[in-house]
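Here is the structure we will look at.
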Amino acid sequence: MYTYYIIIGAVALVSWLVSNRLKSKFEKYSKIQLRNGMSGAEIAEKMLADNGIRDVQVISTPGRLTDHYNPANKTVNLSESVYSQRNAAAAAVAAHECGHAVQHATAYQWLTMRSKLVPIVSVTSSMSQWVVYGGVILMAVSGIAGSLGFYVAVAGLVMMGFATLFSFVTLPVEYDASNRALAWLKNKNMLSQEEYAGAEDALKWAARTYLVAALGALASLVYWAYRVFARD
């Protein structure tokens, strides 16, 4: 178990470092006011309109870094610090979330795949580790219980595998949304050179949080798979 704790500790440390770096980047670029004077909401509405999307609503949502696109009700949800603010960080986030709306409108394959995984992962992700752990404990017992434990553990690994797959499918979805956002901001001359550089840097660090999460999920899956099959 010590190896597992080391893996989890290392992933948590890297995740914390990246998250702190992301927050500092957004604070930095939140001080760069846009020359065009547009708010995050106005940036989002214009990007949607420029892509011919007229059935998506831009709304404000409480909290910080709670920005997201909801494909179920077709809403771009911008946090309070993005919706009304007029800076490079707000522009980056607003355009990124609209990138997801564009993906949805164009049936982007990776977004479609992620959406199909959501119902499965929402059920299995919270219990997968406990199922694996319970199976490993049963495997330590001889006889029928031990054999049953192996199959229980494998079932847990399958659940964990769906969560890991979801994490990796999320990567192209997030990177593509950022690429769409940056391309639109540049092609439409929405930002100055300094503003664009800030938006690009902020989105790069945001994407790295998803990368760390995916690698952490993979490391956990590999560790538990080794424990299960090594015992077998």
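Each chain of the structure tokens is named A, B, ... in the order shown, its residues numbered from 1; ligands are numbered from 1 in display order.
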
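Omitting Met127 (chain A) and its sequence neighbours fewer than 6 positions away, and counting only C-alpha atoms, the residues within 9 Å are A:Gly156, A:Met159, A:Met160.
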
If you keep N, CA and C atoms, can you produce a file of those selected residues as a PDB file, in the first residue's frame?
ATOM      1  N   GLY A 156     -14.201  -4.163 -10.348  1.00  0.00           N
ATOM      2  CA  GLY A 156     -13.800  -2.831  -9.896  1.00  0.00           C
ATOM      3  C   GLY A 156     -12.812  -2.181 -10.852  1.00  0.00           C
ATOM      4  N   MET A 159     -14.664  -0.788 -13.771  1.00  0.00           N
ATOM      5  CA  MET A 159     -15.260   0.496 -13.395  1.00  0.00           C
ATOM      6  C   MET A 159     -14.217   1.600 -13.408  1.00  0.00           C
ATOM      7  N   MET A 160     -13.060   1.306 -12.836  1.00  0.00           N
ATOM      8  CA  MET A 160     -11.976   2.271 -12.790  1.00  0.00           C
ATOM      9  C   MET A 160     -11.482   2.587 -14.200  1.00  0.00           C
TER      10      MET A 160
END

With a distance cut-off of 12 Å and only C-alpha atoms, select the neighbouring residues of Trp130 (chain A), excluding the residue or stretch itself and same-chain residues fewer than 2 positions from it, and output the selection as a PDB file with all heavy atoms, in the first residue's frame.
ATOM      1  N   THR A 124     -20.088   4.679 -11.654  1.00  0.00           N
ATOM      2  CA  THR A 124     -18.987   3.781 -11.292  1.00  0.00           C
ATOM      3  C   THR A 124     -17.794   4.452 -10.617  1.00  0.00           C
ATOM      4  O   THR A 124     -17.091   3.810  -9.829  1.00  0.00           O
ATOM      5  CB  THR A 124     -18.473   3.059 -12.537  1.00  0.00           C
ATOM      6  OG1 THR A 124     -17.978   4.022 -13.488  1.00  0.00           O
ATOM      7  CG2 THR A 124     -19.588   2.239 -13.193  1.00  0.00           C
ATOM      8  N   SER A 125     -17.540   5.728 -10.909  1.00  0.00           N
ATOM      9  CA  SER A 125     -16.301   6.355 -10.451  1.00  0.00           C
ATOM     10  C   SER A 125     -16.181   6.423  -8.932  1.00  0.00           C
ATOM     11  O   SER A 125     -15.094   6.250  -8.378  1.00  0.00           O
ATOM     12  CB  SER A 125     -16.173   7.762 -11.038  1.00  0.00           C
ATOM     13  OG  SER A 125     -17.241   8.579 -10.606  1.00  0.00           O
ATOM     14  N   SER A 126     -17.293   6.658  -8.244  1.00  0.00           N
ATOM     15  CA  SER A 126     -17.234   6.827  -6.785  1.00  0.00           C
ATOM     16  C   SER A 126     -17.046   5.513  -6.040  1.00  0.00           C
ATOM     17  O   SER A 126     -16.593   5.502  -4.894  1.00  0.00           O
ATOM     18  CB  SER A 126     -18.510   7.520  -6.286  1.00  0.00           C
ATOM     19  OG  SER A 126     -19.650   6.744  -6.596  1.00  0.00           O
ATOM     20  N   MET A 127     -17.388   4.396  -6.685  1.00  0.00           N
ATOM     21  CA  MET A 127     -17.327   3.115  -5.980  1.00  0.00           C
ATOM     22  C   MET A 127     -16.234   2.180  -6.492  1.00  0.00           C
ATOM     23  O   MET A 127     -15.942   1.162  -5.846  1.00  0.00           O
ATOM     24  CB  MET A 127     -18.673   2.406  -6.087  1.00  0.00           C
ATOM     25  CG  MET A 127     -19.045   1.999  -7.511  1.00  0.00           C
ATOM     26  SD  MET A 127     -20.601   1.054  -7.609  1.00  0.00           S
ATOM     27  CE  MET A 127     -21.790   2.355  -7.313  1.00  0.00           C
ATOM     28  N   SER A 128     -15.607   2.509  -7.613  1.00  0.00           N
ATOM     29  CA  SER A 128     -14.673   1.572  -8.240  1.00  0.00           C
ATOM     30  C   SER A 128     -13.522   1.169  -7.323  1.00  0.00           C
ATOM     31  O   SER A 128     -13.198  -0.019  -7.210  1.00  0.00           O
ATOM     32  CB  SER A 128     -14.121   2.179  -9.532  1.00  0.00           C
ATOM     33  OG  SER A 128     -13.431   3.388  -9.275  1.00  0.00           O
ATOM     34  N   VAL A 132     -12.603  -2.637  -5.911  1.00  0.00           N
ATOM     35  CA  VAL A 132     -11.295  -3.280  -6.109  1.00  0.00           C
ATOM     36  C   VAL A 132     -10.690  -3.658  -4.767  1.00  0.00           C
ATOM     37  O   VAL A 132     -10.205  -4.786  -4.575  1.00  0.00           O
ATOM     38  CB  VAL A 132     -10.340  -2.343  -6.875  1.00  0.00           C
ATOM     39  CG1 VAL A 132      -8.939  -2.960  -6.929  1.00  0.00           C
ATOM     40  CG2 VAL A 132     -10.840  -2.089  -8.282  1.00  0.00           C
ATOM     41  N   TYR A 133     -10.727  -2.730  -3.843  1.00  0.00           N
ATOM     42  CA  TYR A 133     -10.130  -2.968  -2.523  1.00  0.00           C
ATOM     43  C   TYR A 133     -10.824  -4.125  -1.814  1.00  0.00           C
ATOM     44  O   TYR A 133     -10.177  -4.986  -1.206  1.00  0.00           O
ATOM     45  CB  TYR A 133     -10.221  -1.695  -1.682  1.00  0.00           C
ATOM     46  CG  TYR A 133      -9.392  -1.733  -0.427  1.00  0.00           C
ATOM     47  CD1 TYR A 133      -8.008  -1.918  -0.488  1.00  0.00           C
ATOM     48  CD2 TYR A 133      -9.979  -1.588   0.824  1.00  0.00           C
ATOM     49  CE1 TYR A 133      -7.237  -1.963   0.662  1.00  0.00           C
ATOM     50  CE2 TYR A 133      -9.217  -1.621   1.987  1.00  0.00           C
ATOM     51  CZ  TYR A 133      -7.848  -1.816   1.895  1.00  0.00           C
ATOM     52  OH  TYR A 133      -7.089  -1.853   3.043  1.00  0.00           O
ATOM     53  N   GLY A 134     -12.158  -4.171  -1.899  1.00  0.00           N
ATOM     54  CA  GLY A 134     -12.908  -5.268  -1.294  1.00  0.00           C
ATOM     55  C   GLY A 134     -12.550  -6.600  -1.933  1.00  0.00           C
ATOM     56  O   GLY A 134     -12.414  -7.629  -1.247  1.00  0.00           O
ATOM     57  N   GLY A 135     -12.376  -6.584  -3.254  1.00  0.00           N
ATOM     58  CA  GLY A 135     -11.987  -7.807  -3.952  1.00  0.00           C
ATOM     59  C   GLY A 135     -10.618  -8.292  -3.533  1.00  0.00           C
ATOM     60  O   GLY A 135     -10.401  -9.502  -3.348  1.00  0.00           O
ATOM     61  N   VAL A 136      -9.679  -7.357  -3.359  1.00  0.00           N
ATOM     62  CA  VAL A 136      -8.319  -7.724  -2.940  1.00  0.00           C
ATOM     63  C   VAL A 136      -8.345  -8.353  -1.550  1.00  0.00           C
ATOM     64  O   VAL A 136      -7.624  -9.324  -1.272  1.00  0.00           O
ATOM     65  CB  VAL A 136      -7.405  -6.478  -2.962  1.00  0.00           C
ATOM     66  CG1 VAL A 136      -6.061  -6.797  -2.297  1.00  0.00           C
ATOM     67  CG2 VAL A 136      -7.164  -6.027  -4.398  1.00  0.00           C
ATOM     68  N   ILE A 137      -9.164  -7.800  -0.660  1.00  0.00           N
ATOM     69  CA  ILE A 137      -9.284  -8.366   0.688  1.00  0.00           C
ATOM     70  C   ILE A 137      -9.830  -9.793   0.629  1.00  0.00           C
ATOM     71  O   ILE A 137      -9.331 -10.703   1.311  1.00  0.00           O
ATOM     72  CB  ILE A 137     -10.196  -7.474   1.557  1.00  0.00           C
ATOM     73  CG1 ILE A 137      -9.511  -6.129   1.815  1.00  0.00           C
ATOM     74  CG2 ILE A 137     -10.520  -8.166   2.883  1.00  0.00           C
ATOM     75  CD1 ILE A 137     -10.365  -5.140   2.574  1.00  0.00           C
ATOM     76  N   VAL A 152     -14.550  -9.943  -8.240  1.00  0.00           N
ATOM     77  CA  VAL A 152     -15.019  -8.659  -7.700  1.00  0.00           C
ATOM     78  C   VAL A 152     -13.985  -7.572  -8.004  1.00  0.00           C
ATOM     79  O   VAL A 152     -14.325  -6.458  -8.436  1.00  0.00           O
ATOM     80  CB  VAL A 152     -15.258  -8.757  -6.182  1.00  0.00           C
ATOM     81  CG1 VAL A 152     -15.503  -7.366  -5.583  1.00  0.00           C
ATOM     82  CG2 VAL A 152     -16.443  -9.665  -5.890  1.00  0.00           C
ATOM     83  N   ALA A 153     -12.717  -7.888  -7.798  1.00  0.00           N
ATOM     84  CA  ALA A 153     -11.650  -6.925  -8.043  1.00  0.00           C
ATOM     85  C   ALA A 153     -11.577  -6.547  -9.524  1.00  0.00           C
ATOM     86  O   ALA A 153     -11.381  -5.375  -9.869  1.00  0.00           O
ATOM     87  CB  ALA A 153     -10.314  -7.494  -7.578  1.00  0.00           C
ATOM     88  N   VAL A 154     -11.731  -7.539 -10.389  1.00  0.00           N
ATOM     89  CA  VAL A 154     -11.709  -7.271 -11.835  1.00  0.00           C
ATOM     90  C   VAL A 154     -12.873  -6.368 -12.229  1.00  0.00           C
ATOM     91  O   VAL A 154     -12.721  -5.461 -13.051  1.00  0.00           O
ATOM     92  CB  VAL A 154     -11.742  -8.588 -12.646  1.00  0.00           C
ATOM     93  CG1 VAL A 154     -11.975  -8.305 -14.123  1.00  0.00           C
ATOM     94  CG2 VAL A 154     -10.445  -9.353 -12.453  1.00  0.00           C
ATOM     95  N   ALA A 155     -14.043  -6.610 -11.621  1.00  0.00           N
ATOM     96  CA  ALA A 155     -15.202  -5.755 -11.886  1.00  0.00           C
ATOM     97  C   ALA A 155     -14.889  -4.314 -11.473  1.00  0.00           C
ATOM     98  O   ALA A 155     -15.239  -3.360 -12.178  1.00  0.00           O
ATOM     99  CB  ALA A 155     -16.419  -6.270 -11.130  1.00  0.00           C
ATOM    100  N   GLY A 156     -14.201  -4.163 -10.348  1.00  0.00           N
ATOM    101  CA  GLY A 156     -13.800  -2.831  -9.896  1.00  0.00           C
ATOM    102  C   GLY A 156     -12.812  -2.181 -10.852  1.00  0.00           C
ATOM    103  O   GLY A 156     -12.877  -0.972 -11.101  1.00  0.00           O
ATOM    104  N   LEU A 157     -11.915  -2.988 -11.402  1.00  0.00           N
ATOM    105  CA  LEU A 157     -10.937  -2.468 -12.369  1.00  0.00           C
ATOM    106  C   LEU A 157     -11.636  -1.975 -13.643  1.00  0.00           C
ATOM    107  O   LEU A 157     -11.233  -0.977 -14.230  1.00  0.00           O
ATOM    108  CB  LEU A 157      -9.912  -3.548 -12.723  1.00  0.00           C
ATOM    109  CG  LEU A 157      -8.875  -3.891 -11.650  1.00  0.00           C
ATOM    110  CD1 LEU A 157      -8.015  -5.061 -12.111  1.00  0.00           C
ATOM    111  CD2 LEU A 157      -8.009  -2.680 -11.316  1.00  0.00           C
ATOM    112  N   MET A 159     -14.664  -0.788 -13.771  1.00  0.00           N
ATOM    113  CA  MET A 159     -15.260   0.496 -13.395  1.00  0.00           C
ATOM    114  C   MET A 159     -14.217   1.600 -13.408  1.00  0.00           C
ATOM    115  O   MET A 159     -14.443   2.699 -13.926  1.00  0.00           O
ATOM    116  CB  MET A 159     -15.871   0.400 -11.987  1.00  0.00           C
ATOM    117  CG  MET A 159     -17.032  -0.534 -11.854  1.00  0.00           C
ATOM    118  SD  MET A 159     -17.634  -0.552 -10.137  1.00  0.00           S
ATOM    119  CE  MET A 159     -18.894  -1.831 -10.233  1.00  0.00           C
ATOM    120  N   MET A 160     -13.060   1.306 -12.836  1.00  0.00           N
ATOM    121  CA  MET A 160     -11.976   2.271 -12.790  1.00  0.00           C
ATOM    122  C   MET A 160     -11.482   2.587 -14.200  1.00  0.00           C
ATOM    123  O   MET A 160     -11.080   3.717 -14.499  1.00  0.00           O
ATOM    124  CB  MET A 160     -10.831   1.714 -11.930  1.00  0.00           C
ATOM    125  CG  MET A 160      -9.809   2.747 -11.504  1.00  0.00           C
ATOM    126  SD  MET A 160      -8.548   2.026 -10.398  1.00  0.00           S
ATOM    127  CE  MET A 160      -9.539   1.770  -8.919  1.00  0.00           C
ATOM    128  N   TRP A 224      -3.532  -0.717  -9.217  1.00  0.00           N
ATOM    129  CA  TRP A 224      -4.503  -1.685  -8.714  1.00  0.00           C
ATOM    130  C   TRP A 224      -4.566  -2.934  -9.604  1.00  0.00           C
ATOM    131  O   TRP A 224      -4.780  -4.048  -9.118  1.00  0.00           O
ATOM    132  CB  TRP A 224      -5.876  -1.041  -8.586  1.00  0.00           C
ATOM    133  CG  TRP A 224      -5.983  -0.164  -7.379  1.00  0.00           C
ATOM    134  CD1 TRP A 224      -6.093   1.190  -7.341  1.00  0.00           C
ATOM    135  CD2 TRP A 224      -5.954  -0.596  -6.011  1.00  0.00           C
ATOM    136  NE1 TRP A 224      -6.136   1.638  -6.048  1.00  0.00           N
ATOM    137  CE2 TRP A 224      -6.061   0.561  -5.213  1.00  0.00           C
ATOM    138  CE3 TRP A 224      -5.860  -1.843  -5.392  1.00  0.00           C
ATOM    139  CZ2 TRP A 224      -6.065   0.511  -3.822  1.00  0.00           C
ATOM    140  CZ3 TRP A 224      -5.863  -1.904  -3.993  1.00  0.00           C
ATOM    141  CH2 TRP A 224      -5.965  -0.732  -3.235  1.00  0.00           C
TER     142      TRP A 224
END

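With only C-alpha atoms as the basis for measurement, A:Ala41 is the residue among A:Ala41, A:Met113, A:Leu221, A:Val228 that approaches Ser81 (chain A) most closely.
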
Practice item. Using only C-alpha atoms, determine which residues lie at most 7 Å from Glu80 (chain A), disregarding the query and same-chain residues fewer than 5 positions distant; provide the list as an MDAnalysis selection string. Key: chainID A and resid 60:63

**Study point:** Spatial neighbours of Ala199 (chain A), max dist 9 Å, only C-alpha atoms, sep filter under 3 positions, as a list in words
**Key:** Phe26, Tyr29, Ala88, Ala89, Ala90, Ala91, Ala92, Val93, Leu182, Leu191, Glu194, Glu195, Tyr196, Ala202, Leu203 and Lys204 of chain A

Review point. Hey, what does DSSP flag as strand (DSSP E or B) within region 10-218 of chain A? Can you give it to me as a VMD selection string?
Key: chain A and resid 33 57 to 61 68 to 70 75 to 79 87

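The closest residue to Arg54 (chain A), picked from A:Val123, A:Leu171, A:Cys98, A:Ala219 and counting only C-alpha atoms, is A:Cys98.
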
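Note that the spacing between CA of Ala217 (chain A) and CA of Gly161 (chain A) amounts to 8.7 Å.
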
Practice item. Taking the DSSP assignment computed from this structure's backbone, write out as a PyMOL selection string all residues of region 87-154 of chain A that belong to helix (DSSP H, G or I). Key: chain A and resi 88-105+109-124+128-139+144-154
